[in-house]
>>> print(open('start-v3.txt').read())   # compact mmCIF, C-alpha atoms and all ligand atoms
# COMPACT_ATOMS: atom_id res chain seq x y z
CA MET X 1 0.00 0.00 0.00
CA PRO X 2 1.48 3.33 -1.03
CA GLU X 3 2.81 5.25 1.97
CA LEU X 4 4.81 8.49 2.06
CA PRO X 5 8.00 7.08 0.44
CA ASP X 6 6.00 5.49 -2.40
CA VAL X 7 4.01 8.67 -3.04
CA GLU X 8 7.24 10.69 -2.99
CA VAL X 9 8.61 8.33 -5.67
CA PHE X 10 5.40 8.87 -7.73
CA ARG X 11 5.77 12.64 -7.28
CA LYS X 12 9.31 12.56 -8.68
CA TYR X 13 8.21 10.24 -11.50
CA LEU X 14 5.47 12.66 -12.55
CA GLU X 15 7.83 15.64 -12.28
CA ASN X 16 10.46 13.86 -14.39
CA LYS X 17 8.08 12.69 -17.08
CA ALA X 18 4.91 14.70 -17.38
CA LEU X 19 5.48 18.43 -16.68
CA HIS X 20 5.00 21.22 -19.22
CA GLN X 21 3.17 19.22 -21.86
CA SER X 22 -0.18 20.38 -23.09
CA ILE X 23 -2.95 17.98 -22.05
CA LYS X 24 -5.16 17.19 -25.00
CA LYS X 25 -7.64 14.90 -23.30
CA MET X 26 -8.48 13.58 -19.87
CA GLU X 27 -10.63 10.49 -19.51
CA VAL X 28 -12.07 8.92 -16.39
CA LEU X 29 -12.58 5.18 -16.84
CA ALA X 30 -14.04 4.57 -13.37
CA LYS X 31 -16.31 7.36 -12.12
CA ASN X 32 -16.20 6.13 -8.51
CA ILE X 33 -12.64 7.41 -8.10
CA LEU X 34 -13.95 10.98 -8.41
CA ASP X 35 -14.42 12.74 -5.10
CA ASN X 36 -16.54 15.87 -5.06
CA VAL X 37 -15.87 16.63 -8.72
CA SER X 38 -17.45 15.55 -12.01
CA GLU X 39 -15.63 14.30 -15.06
CA GLN X 40 -16.81 17.39 -16.98
CA GLN X 41 -15.49 19.74 -14.28
CA LEU X 42 -12.14 18.00 -14.31
CA GLN X 43 -11.89 18.01 -18.08
CA SER X 44 -12.64 21.75 -18.23
CA ARG X 45 -9.83 22.49 -15.76
CA VAL X 46 -7.34 20.05 -17.28
CA GLU X 47 -7.72 19.90 -21.04
CA GLY X 48 -5.63 22.54 -22.79
CA TYR X 49 -3.57 23.10 -19.63
CA GLU X 50 -0.24 21.65 -18.42
CA PHE X 51 1.10 20.10 -15.24
CA GLU X 52 3.44 22.64 -13.67
CA SER X 53 4.75 20.98 -10.52
CA ALA X 54 3.86 18.36 -7.94
CA ASP X 55 3.66 18.65 -4.14
CA ARG X 56 2.90 16.06 -1.54
CA HIS X 57 1.45 16.06 1.96
CA GLY X 58 1.46 12.69 3.69
CA LYS X 59 -0.01 10.20 1.23
CA TYR X 60 -1.67 12.89 -0.94
CA LEU X 61 -0.16 14.15 -4.17
CA PHE X 62 -1.05 17.63 -5.49
CA VAL X 63 -0.35 18.29 -9.14
CA LYS X 64 -0.41 21.99 -9.98
CA LEU X 65 -2.08 22.86 -13.26
CA SER X 66 -1.42 25.99 -15.29
CA GLY X 67 -4.38 27.99 -14.04
CA ASP X 68 -5.28 27.96 -10.33
CA ASP X 69 -6.09 24.34 -9.68
CA HIS X 70 -4.33 21.33 -8.23
CA ILE X 71 -5.45 17.81 -9.04
CA VAL X 72 -5.29 15.75 -5.86
CA PHE X 73 -4.39 12.07 -6.14
CA HIS X 74 -4.75 9.48 -3.40
CA PHE X 75 -3.31 6.08 -4.30
CA GLY X 76 -5.48 3.95 -2.02
CA MET X 77 -4.13 0.45 -1.51
CA THR X 78 -2.46 -0.22 -4.85
CA GLY X 79 -2.18 2.92 -6.98
CA TYR X 80 0.65 4.12 -9.23
CA PHE X 81 1.33 6.19 -12.37
CA ASP X 82 2.37 4.93 -15.76
CA TYR X 83 3.73 7.36 -18.36
CA SER X 84 4.20 5.92 -21.82
CA LYS X 85 3.60 6.30 -25.52
CA ASN X 86 -0.04 6.44 -26.46
CA GLY X 87 -1.02 2.83 -27.07
CA GLU X 88 -2.15 0.07 -24.75
CA ILE X 89 -2.98 1.33 -21.28
CA PRO X 90 -2.08 -0.79 -18.23
CA LYS X 91 -4.75 -3.07 -16.83
CA HIS X 92 -6.83 -1.39 -14.07
CA THR X 93 -6.23 2.14 -15.42
CA ARG X 94 -8.88 4.44 -13.88
CA ALA X 95 -7.98 7.76 -15.49
CA THR X 96 -5.75 8.92 -18.33
CA PHE X 97 -4.17 12.21 -19.34
CA SER X 98 -3.20 12.29 -23.03
CA PHE X 99 -0.67 14.90 -24.08
CA ASP X 100 -0.24 16.73 -27.38
CA ASN X 101 3.14 15.01 -27.80
CA GLY X 102 1.46 11.61 -28.11
CA ASN X 103 2.35 10.37 -24.62
CA ARG X 104 -0.06 9.49 -21.88
CA LEU X 105 -0.10 9.41 -18.09
CA SER X 106 -2.30 6.66 -16.64
CA PHE X 107 -3.53 6.54 -13.05
CA VAL X 108 -3.69 2.84 -12.24
CA LEU X 109 -5.50 1.26 -9.30
CA GLN X 110 -5.92 -2.45 -9.03
CA ARG X 111 -8.47 -1.94 -6.28
CA LYS X 112 -10.77 1.04 -6.62
CA LEU X 113 -9.83 2.68 -3.33
CA GLY X 114 -7.82 5.63 -4.58
CA LYS X 115 -9.34 8.93 -5.57
CA ILE X 116 -9.03 12.12 -7.56
CA THR X 117 -10.33 15.52 -6.62
CA LEU X 118 -9.55 19.18 -7.27
CA THR X 119 -8.42 21.93 -4.92
CA LYS X 120 -7.31 25.52 -5.33
CA ASP X 121 -5.39 25.58 -2.08
CA ILE X 122 -3.26 22.78 -0.63
CA GLU X 123 -3.22 24.27 2.85
CA SER X 124 -6.99 24.40 3.18
CA PHE X 125 -7.29 20.87 1.72
CA VAL X 126 -4.85 19.60 4.36
CA LYS X 127 -6.82 21.37 7.07
CA LYS X 128 -10.15 20.03 5.82
CA GLN X 129 -8.81 16.47 5.75
CA ASN X 130 -7.49 17.07 9.27
CA LEU X 131 -3.99 15.90 8.32
CA GLY X 132 -1.11 16.22 10.76
CA PRO X 133 2.32 17.56 9.77
CA ASP X 134 4.06 15.96 6.80
CA ILE X 135 6.97 14.05 8.28
CA LEU X 136 9.33 14.54 5.35
CA LYS X 137 9.24 18.36 5.38
CA ASN X 138 12.20 20.21 6.88
CA SER X 139 9.77 21.99 9.18
CA PHE X 140 9.01 18.63 10.82
CA ASP X 141 11.52 18.79 13.66
CA LEU X 142 11.76 17.23 17.11
CA GLU X 143 9.53 19.91 18.68
CA VAL X 144 6.80 19.44 16.05
CA PHE X 145 7.05 15.67 16.56
CA LYS X 146 6.72 15.96 20.35
CA LYS X 147 3.69 18.19 19.93
CA ALA X 148 2.10 15.83 17.40
CA ILE X 149 2.25 12.79 19.69
CA LYS X 150 1.49 14.66 22.91
CA GLY X 151 -1.45 13.29 24.84
CA ALA X 152 -1.93 10.39 22.42
CA LYS X 153 -3.58 7.33 23.87
CA GLY X 154 -3.29 3.88 22.37
CA SER X 155 -0.24 2.09 21.07
CA ILE X 156 2.65 4.01 19.55
CA LYS X 157 2.09 2.05 16.33
CA SER X 158 -1.47 3.34 15.99
CA VAL X 159 -0.32 6.89 16.82
CA LEU X 160 2.28 6.65 14.06
CA MET X 161 -0.38 5.53 11.56
CA ASN X 162 -2.94 8.15 12.63
CA GLN X 163 -2.93 10.62 9.71
CA SER X 164 -4.36 13.42 11.82
CA ARG X 165 -1.34 13.25 14.14
CA LEU X 166 1.42 12.53 11.59
CA ALA X 167 0.79 12.41 7.85
CA GLY X 168 2.39 9.76 5.68
CA ILE X 169 2.92 6.50 7.55
CA GLY X 170 0.93 3.29 7.26
CA ASN X 171 1.34 -0.28 8.41
CA ILE X 172 4.58 -1.24 6.68
CA TYR X 173 6.70 1.79 7.45
CA SER X 174 5.42 2.05 11.01
CA ASP X 175 6.81 -1.46 11.60
CA GLU X 176 10.12 -0.46 10.04
CA ILE X 177 10.46 2.76 12.05
CA LEU X 178 9.61 1.03 15.34
CA PHE X 179 12.03 -1.77 14.50
CA GLN X 180 14.83 0.70 13.75
CA ALA X 181 14.07 2.61 16.95
CA ARG X 182 13.83 -0.68 18.89
CA ILE X 183 10.46 0.35 20.27
CA TYR X 184 7.85 -2.29 21.06
CA PRO X 185 4.74 -1.47 18.94
CA THR X 186 2.20 -1.52 21.79
CA THR X 187 4.22 0.89 23.94
CA LYS X 188 2.18 3.97 24.88
CA ALA X 189 3.44 7.29 23.55
CA SER X 190 3.32 8.69 27.10
CA GLU X 191 5.73 5.95 28.28
CA LEU X 192 8.57 7.19 26.07
CA ASP X 193 11.16 9.36 27.79
CA TYR X 194 12.98 12.21 26.07
CA LYS X 195 15.88 10.01 24.94
CA ARG X 196 13.62 7.45 23.29
CA ILE X 197 11.49 10.13 21.65
CA ARG X 198 14.67 11.52 20.10
CA ILE X 199 15.72 8.05 18.86
CA PHE X 200 12.20 7.54 17.52
CA PHE X 201 12.27 10.87 15.68
CA GLU X 202 15.67 10.10 14.16
CA ALA X 203 14.44 6.66 13.04
CA ILE X 204 11.50 8.30 11.21
CA LYS X 205 13.83 10.63 9.30
CA GLU X 206 16.36 7.88 8.58
CA VAL X 207 13.82 5.32 7.34
CA LEU X 208 12.10 7.86 5.07
CA LYS X 209 15.38 9.08 3.60
CA THR X 210 16.60 5.54 2.96
CA ALA X 211 13.29 4.36 1.49
CA ILE X 212 13.11 7.29 -0.94
CA GLU X 213 16.75 6.78 -1.98
CA LYS X 214 15.92 3.15 -2.75
CA GLN X 215 12.81 4.08 -4.75
CA ALA X 216 10.62 2.55 -2.02
CA ASP X 217 11.66 -0.89 -3.29
CA PRO X 218 11.81 -3.30 -0.31
CA ASN X 219 14.37 -5.50 -2.07
CA ARG X 220 16.81 -2.61 -2.35
CA MET X 221 16.59 -1.64 1.33
CA PRO X 222 19.58 -2.35 3.60
CA GLN X 223 19.70 -5.87 5.05
CA SER X 224 19.57 -4.31 8.51
CA TYR X 225 16.00 -3.33 7.66
CA LEU X 226 12.90 -5.37 8.35
CA LEU X 227 11.47 -4.63 4.89
CA PRO X 228 13.56 -7.03 2.74
CA ASN X 229 13.02 -9.75 5.39
CA ARG X 230 9.29 -9.21 5.72
CA HIS X 231 8.07 -12.47 4.20
CA GLU X 232 7.23 -15.98 5.27
CA GLY X 233 10.28 -17.75 6.68
CA GLY X 234 12.04 -14.39 7.05
CA LYS X 235 14.42 -13.70 9.93
CA TYR X 236 15.10 -10.62 12.01
CA PRO X 237 18.21 -8.90 10.70
CA MET X 238 19.57 -8.07 14.18
CA CYS X 239 19.16 -11.23 16.23
CA GLY X 240 18.37 -13.84 13.56
CA GLY X 241 15.12 -14.79 15.31
CA LYS X 242 12.25 -16.06 13.20
CA LEU X 243 9.82 -13.36 12.06
CA LYS X 244 6.64 -13.02 14.09
CA SER X 245 3.49 -11.13 13.30
CA GLU X 246 0.50 -10.10 15.36
CA LYS X 247 -2.65 -8.07 14.82
CA ILE X 248 -2.27 -4.61 16.34
CA SER X 249 -5.01 -2.01 15.77
CA GLY X 250 -6.49 -4.31 13.14
CA ARG X 251 -3.27 -4.52 11.08
CA THR X 252 -0.71 -7.29 10.81
CA ALA X 253 2.34 -5.93 12.57
CA TYR X 254 5.83 -7.41 12.38
CA TYR X 255 8.16 -6.81 15.30
CA CYS X 256 10.86 -8.57 17.24
CA PRO X 257 9.98 -9.37 20.84
CA GLU X 258 13.70 -9.77 21.60
CA CYS X 259 15.07 -6.55 20.11
CA GLN X 260 12.17 -4.17 20.64
CA HIS X 261 11.02 -3.10 24.07
ZN ZN X 301 15.42 -9.44 17.22
>>> encode(input="start-v3.txt", output="structure tokens")
Amino acid sequence: MPELPDVEVFRKYLENKALHQSIKKMEVLAKNILDNVSEQQLQSRVEGYEFESADRHGKYLFVKLSGDDHIVFHFGMTGYFDYSKNGEIPKHTRATFSFDNGNRLSFVLQRKLGKITLTKDIESFVKKQNLGPDILKNSFDLEVFKKAIKGAKGSIKSVLMNQSRLAGIGNIYSDEILFQARIYPTTKASELDYKRIRIFFEAIKEVLKTAIEKQADPNRMPQSYLLPNRHEGGKYPMCGGKLKSEKISGRTAYYCPECQH
């Protein structure tokens, strides 16, 4: 499921491939991905315009159009972009943007959980969705982190995945961050002392940086990470113990009962 590092990789992909090309036609192949906007509205704001830049907040991608609007993409459980020569579109394509130069950007979702909408203002969109601070931004520092988790009840894993506290992390990267910080996933946020909060914060920054460098590809992550070992028969990279999983807050969490506490 696309989390912050994946969406950051999609943002760079779109910026590398699809900026400054006049959009000839936009088509929506599955209307249920549209949120609060009609296909006609979208087409009128998109066709004849260009993509100018792409921003991200948490798991949301904002693509600035020439004109005032941003198209907002959410990748749901399985989404990604495909930019290629006009021809066959990938299976499960839900929307396409065809450019004057004969290329096309496809928004692909195997399961129809992603969405597209429009906004004129990223800041007010973020506020309306009640999203917490984006954890990749430079402005996300230790003080902002402490404030974001202050007073949180429930396990630290669920706090980390709560988009209204911290925007960007889901099940997979929360496991990785807690593993790197050696924090047991059901620990309460209020139980962490200053030293552990600092280690936690540094693990967030480190895991995000590494994941984005490796194109969010689990197989390219360092062997000291949980991600490349996160499969049946996998072993913990630190202690060599056999991988265990458990349902925490309704999600299958991987953690090491020996190394994390
Ligand atoms: Zn271990």
>>> residues_near_ligand(input="start-v3.txt", ligand="ligand ZN 301 (chain X)", cutoff="9 Å", atoms="all atoms listed in the file", output="list of chain:residue names")
X:Phe179, X:Lys235, X:Tyr236, X:Pro237, X:Met238, X:Cys239, X:Gly240, X:Gly241, X:Lys242, X:Leu243, X:Tyr255, X:Cys256, X:Pro257, X:Glu258, X:Cys259, X:Gln260
>>> residues_near_point(input="start-v3.txt", point="(12.4, 1.4, 22.1)", cutoff="9 Å", atoms="all atoms listed in the file", output="VMD selection string")
chain X and resid 178 to 185 187 192 196 to 197 199 to 200 259 to 261
>>> closest_atom_pairs(input="start-v3.txt", of="stretch 99-172 of chain X", to="stretch 207-215 of chain X", cutoff="10 Å", atoms="only C-alpha atoms", output="JSON lines")
{"residue": "X:Ile135", "atom": "CA", "partner": "X:Leu208", "partner_atom": "CA", "distance": 8.7}
{"residue": "X:Leu136", "atom": "CA", "partner": "X:Leu208", "partner_atom": "CA", "distance": 7.2}
{"residue": "X:Gly168", "atom": "CA", "partner": "X:Leu208", "partner_atom": "CA", "distance": 9.9}
{"residue": "X:Ile169", "atom": "CA", "partner": "X:Leu208", "partner_atom": "CA", "distance": 9.6}
>>> residues_around(input="start-v3.txt", residues="X:Asp55", least_positions_apart="4", cutoff="10 Å", atoms="all atoms listed in the file", output="list in words")
Glu8, Arg11, Lys12, Glu15, Tyr60, Leu61, Phe62, Val63, Lys64, His70, Val72 and Ile122 of chain X
>>> residues_around(input="start-v3.txt", residues="stretch 46-54 of chain X", least_positions_apart="4", cutoff="12 Å", atoms="only C-alpha atoms", output="short mmCIF file (atom, residue, chain, number, x, y, z; two decimals) with C-alpha atoms, keeping the file's coordinate frame")
data_model
loop_
_atom_site.label_atom_id
_atom_site.label_comp_id
_atom_site.auth_asym_id
_atom_site.auth_seq_id
_atom_site.Cartn_x
_atom_site.Cartn_y
_atom_site.Cartn_z
CA VAL X 7 4.01 8.67 -3.04
CA GLU X 8 7.24 10.69 -2.99
CA VAL X 9 8.61 8.33 -5.67
CA PHE X 10 5.40 8.87 -7.73
CA ARG X 11 5.77 12.64 -7.28
CA LYS X 12 9.31 12.56 -8.68
CA TYR X 13 8.21 10.24 -11.50
CA LEU X 14 5.47 12.66 -12.55
CA GLU X 15 7.83 15.64 -12.28
CA ASN X 16 10.46 13.86 -14.39
CA LYS X 17 8.08 12.69 -17.08
CA ALA X 18 4.91 14.70 -17.38
CA LEU X 19 5.48 18.43 -16.68
CA HIS X 20 5.00 21.22 -19.22
CA GLN X 21 3.17 19.22 -21.86
CA SER X 22 -0.18 20.38 -23.09
CA ILE X 23 -2.95 17.98 -22.05
CA LYS X 24 -5.16 17.19 -25.00
CA LYS X 25 -7.64 14.90 -23.30
CA MET X 26 -8.48 13.58 -19.87
CA GLU X 27 -10.63 10.49 -19.51
CA GLU X 39 -15.63 14.30 -15.06
CA GLN X 40 -16.81 17.39 -16.98
CA GLN X 41 -15.49 19.74 -14.28
CA LEU X 42 -12.14 18.00 -14.31
CA TYR X 60 -1.67 12.89 -0.94
CA LEU X 61 -0.16 14.15 -4.17
CA PHE X 62 -1.05 17.63 -5.49
CA VAL X 63 -0.35 18.29 -9.14
CA LYS X 64 -0.41 21.99 -9.98
CA LEU X 65 -2.08 22.86 -13.26
CA SER X 66 -1.42 25.99 -15.29
CA GLY X 67 -4.38 27.99 -14.04
CA ASP X 68 -5.28 27.96 -10.33
CA ASP X 69 -6.09 24.34 -9.68
CA HIS X 70 -4.33 21.33 -8.23
CA ILE X 71 -5.45 17.81 -9.04
CA VAL X 72 -5.29 15.75 -5.86
CA PHE X 73 -4.39 12.07 -6.14
CA THR X 96 -5.75 8.92 -18.33
CA PHE X 97 -4.17 12.21 -19.34
CA SER X 98 -3.20 12.29 -23.03
CA PHE X 99 -0.67 14.90 -24.08
CA ASP X 100 -0.24 16.73 -27.38
CA ASN X 101 3.14 15.01 -27.80
CA LEU X 105 -0.10 9.41 -18.09
CA THR X 117 -10.33 15.52 -6.62
CA LEU X 118 -9.55 19.18 -7.27
CA ILE X 122 -3.26 22.78 -0.63
#
>>> atom_distance(input="start-v3.txt", atom1="atom CA of X:Val144", atom2="atom CA of X:Ile156")
16.4 Å
>>> residues_near_point(input="start-v3.txt", point="(-5.7, 7.8, -15.9)", cutoff="10 Å", atoms="all atoms listed in the file", output="mmCIF file with C-alpha atoms, in the coordinates of the input")
data_model
loop_
_atom_site.group_PDB
_atom_site.id
_atom_site.type_symbol
_atom_site.label_atom_id
_atom_site.label_comp_id
_atom_site.auth_asym_id
_atom_site.auth_seq_id
_atom_site.Cartn_x
_atom_site.Cartn_y
_atom_site.Cartn_z
ATOM 1 C CA MET X 26 -8.480 13.580 -19.870
ATOM 2 C CA GLU X 27 -10.630 10.490 -19.510
ATOM 3 C CA VAL X 28 -12.070 8.920 -16.390
ATOM 4 C CA LEU X 29 -12.580 5.180 -16.840
ATOM 5 C CA ALA X 30 -14.040 4.570 -13.370
ATOM 6 C CA TYR X 80 0.650 4.120 -9.230
ATOM 7 C CA PHE X 81 1.330 6.190 -12.370
ATOM 8 C CA ASP X 82 2.370 4.930 -15.760
ATOM 9 C CA TYR X 83 3.730 7.360 -18.360
ATOM 10 C CA ILE X 89 -2.980 1.330 -21.280
ATOM 11 C CA PRO X 90 -2.080 -0.790 -18.230
ATOM 12 C CA HIS X 92 -6.830 -1.390 -14.070
ATOM 13 C CA THR X 93 -6.230 2.140 -15.420
ATOM 14 C CA ARG X 94 -8.880 4.440 -13.880
ATOM 15 C CA ALA X 95 -7.980 7.760 -15.490
ATOM 16 C CA THR X 96 -5.750 8.920 -18.330
ATOM 17 C CA PHE X 97 -4.170 12.210 -19.340
ATOM 18 C CA SER X 98 -3.200 12.290 -23.030
ATOM 19 C CA ARG X 104 -0.060 9.490 -21.880
ATOM 20 C CA LEU X 105 -0.100 9.410 -18.090
ATOM 21 C CA SER X 106 -2.300 6.660 -16.640
ATOM 22 C CA PHE X 107 -3.530 6.540 -13.050
ATOM 23 C CA VAL X 108 -3.690 2.840 -12.240
ATOM 24 C CA LEU X 109 -5.500 1.260 -9.300
ATOM 25 C CA ILE X 116 -9.030 12.120 -7.560
#
>>> build_atoms(input="start-v3.txt", residues="stretch 77-111 of chain X", atoms="N, CA and C atoms", output="short mmCIF file (atom, residue, chain, number, x, y, z; two decimals), keeping the file's coordinate frame")
data_model
loop_
_atom_site.label_atom_id
_atom_site.label_comp_id
_atom_site.auth_asym_id
_atom_site.auth_seq_id
_atom_site.Cartn_x
_atom_site.Cartn_y
_atom_site.Cartn_z
N MET X 77 -4.91 1.62 -1.93
CA MET X 77 -4.13 0.45 -1.51
C MET X 77 -3.07 0.05 -2.53
N THR X 78 -3.29 0.41 -3.80
CA THR X 78 -2.46 -0.22 -4.85
C THR X 78 -2.04 0.74 -5.96
N GLY X 79 -2.32 2.03 -5.83
CA GLY X 79 -2.18 2.92 -6.98
C GLY X 79 -0.75 3.21 -7.42
N TYR X 80 -0.61 3.61 -8.69
CA TYR X 80 0.65 4.12 -9.23
C TYR X 80 0.38 4.85 -10.55
N PHE X 81 1.42 5.53 -11.07
CA PHE X 81 1.33 6.19 -12.37
C PHE X 81 2.09 5.39 -13.41
N ASP X 82 1.61 5.47 -14.64
CA ASP X 82 2.37 4.93 -15.76
C ASP X 82 2.40 6.00 -16.86
N TYR X 83 3.59 6.39 -17.28
CA TYR X 83 3.73 7.36 -18.36
C TYR X 83 4.35 6.64 -19.55
N SER X 84 3.64 6.63 -20.66
CA SER X 84 4.20 5.92 -21.82
C SER X 84 3.60 6.47 -23.10
N LYS X 85 4.11 5.95 -24.19
CA LYS X 85 3.60 6.30 -25.52
C LYS X 85 2.14 5.91 -25.59
N ASN X 86 1.37 6.75 -26.25
CA ASN X 86 -0.04 6.44 -26.46
C ASN X 86 -0.16 5.07 -27.13
N GLY X 87 -0.86 4.18 -26.52
CA GLY X 87 -1.02 2.83 -27.07
C GLY X 87 -1.86 2.07 -26.07
N GLU X 88 -1.47 0.85 -25.78
CA GLU X 88 -2.15 0.07 -24.75
C GLU X 88 -2.03 0.78 -23.40
N ILE X 89 -3.10 0.81 -22.64
CA ILE X 89 -2.98 1.33 -21.28
C ILE X 89 -2.87 0.14 -20.33
N PRO X 90 -2.20 0.33 -19.17
CA PRO X 90 -2.08 -0.79 -18.23
C PRO X 90 -3.47 -1.25 -17.76
N LYS X 91 -3.54 -2.52 -17.42
CA LYS X 91 -4.75 -3.07 -16.83
C LYS X 91 -5.08 -2.28 -15.55
N HIS X 92 -6.35 -2.10 -15.27
CA HIS X 92 -6.83 -1.39 -14.07
C HIS X 92 -6.55 0.12 -14.10
N THR X 93 -6.34 0.69 -15.31
CA THR X 93 -6.23 2.14 -15.42
C THR X 93 -7.59 2.77 -15.13
N ARG X 94 -7.60 3.80 -14.25
CA ARG X 94 -8.88 4.44 -13.88
C ARG X 94 -9.03 5.82 -14.48
N ALA X 95 -7.90 6.45 -14.86
CA ALA X 95 -7.98 7.76 -15.49
C ALA X 95 -6.73 7.95 -16.35
N THR X 96 -6.91 8.67 -17.46
CA THR X 96 -5.75 8.92 -18.33
C THR X 96 -5.68 10.40 -18.71
N PHE X 97 -4.44 10.86 -18.87
CA PHE X 97 -4.17 12.21 -19.34
C PHE X 97 -3.34 12.05 -20.62
N SER X 98 -3.92 12.43 -21.76
CA SER X 98 -3.20 12.29 -23.03
C SER X 98 -2.65 13.64 -23.44
N PHE X 99 -1.36 13.66 -23.75
CA PHE X 99 -0.67 14.90 -24.08
C PHE X 99 -0.59 15.12 -25.58
N ASP X 100 -0.40 16.38 -25.97
CA ASP X 100 -0.24 16.73 -27.38
C ASP X 100 0.93 15.99 -28.03
N ASN X 101 1.95 15.66 -27.24
CA ASN X 101 3.14 15.01 -27.80
C ASN X 101 2.95 13.52 -28.03
N GLY X 102 1.74 13.01 -27.83
CA GLY X 102 1.46 11.61 -28.11
C GLY X 102 1.72 10.67 -26.94
N ASN X 103 2.15 11.22 -25.80
CA ASN X 103 2.35 10.37 -24.62
C ASN X 103 1.13 10.45 -23.71
N ARG X 104 1.11 9.54 -22.75
CA ARG X 104 -0.06 9.49 -21.88
C ARG X 104 0.35 9.11 -20.46
N LEU X 105 -0.28 9.77 -19.49
CA LEU X 105 -0.10 9.41 -18.09
C LEU X 105 -1.36 8.66 -17.65
N SER X 106 -1.16 7.45 -17.13
CA SER X 106 -2.30 6.66 -16.64
C SER X 106 -2.23 6.58 -15.12
N PHE X 107 -3.39 6.71 -14.49
CA PHE X 107 -3.53 6.54 -13.05
C PHE X 107 -4.13 5.15 -12.85
N VAL X 108 -3.32 4.25 -12.29
CA VAL X 108 -3.69 2.84 -12.24
C VAL X 108 -3.99 2.43 -10.81
N LEU X 109 -5.11 1.76 -10.63
CA LEU X 109 -5.50 1.26 -9.30
C LEU X 109 -6.07 -0.13 -9.47
N GLN X 110 -5.40 -1.09 -8.91
CA GLN X 110 -5.92 -2.45 -9.03
C GLN X 110 -7.22 -2.57 -8.25
N ARG X 111 -7.24 -2.01 -7.04
CA ARG X 111 -8.47 -1.94 -6.28
C ARG X 111 -8.93 -0.50 -6.26
#
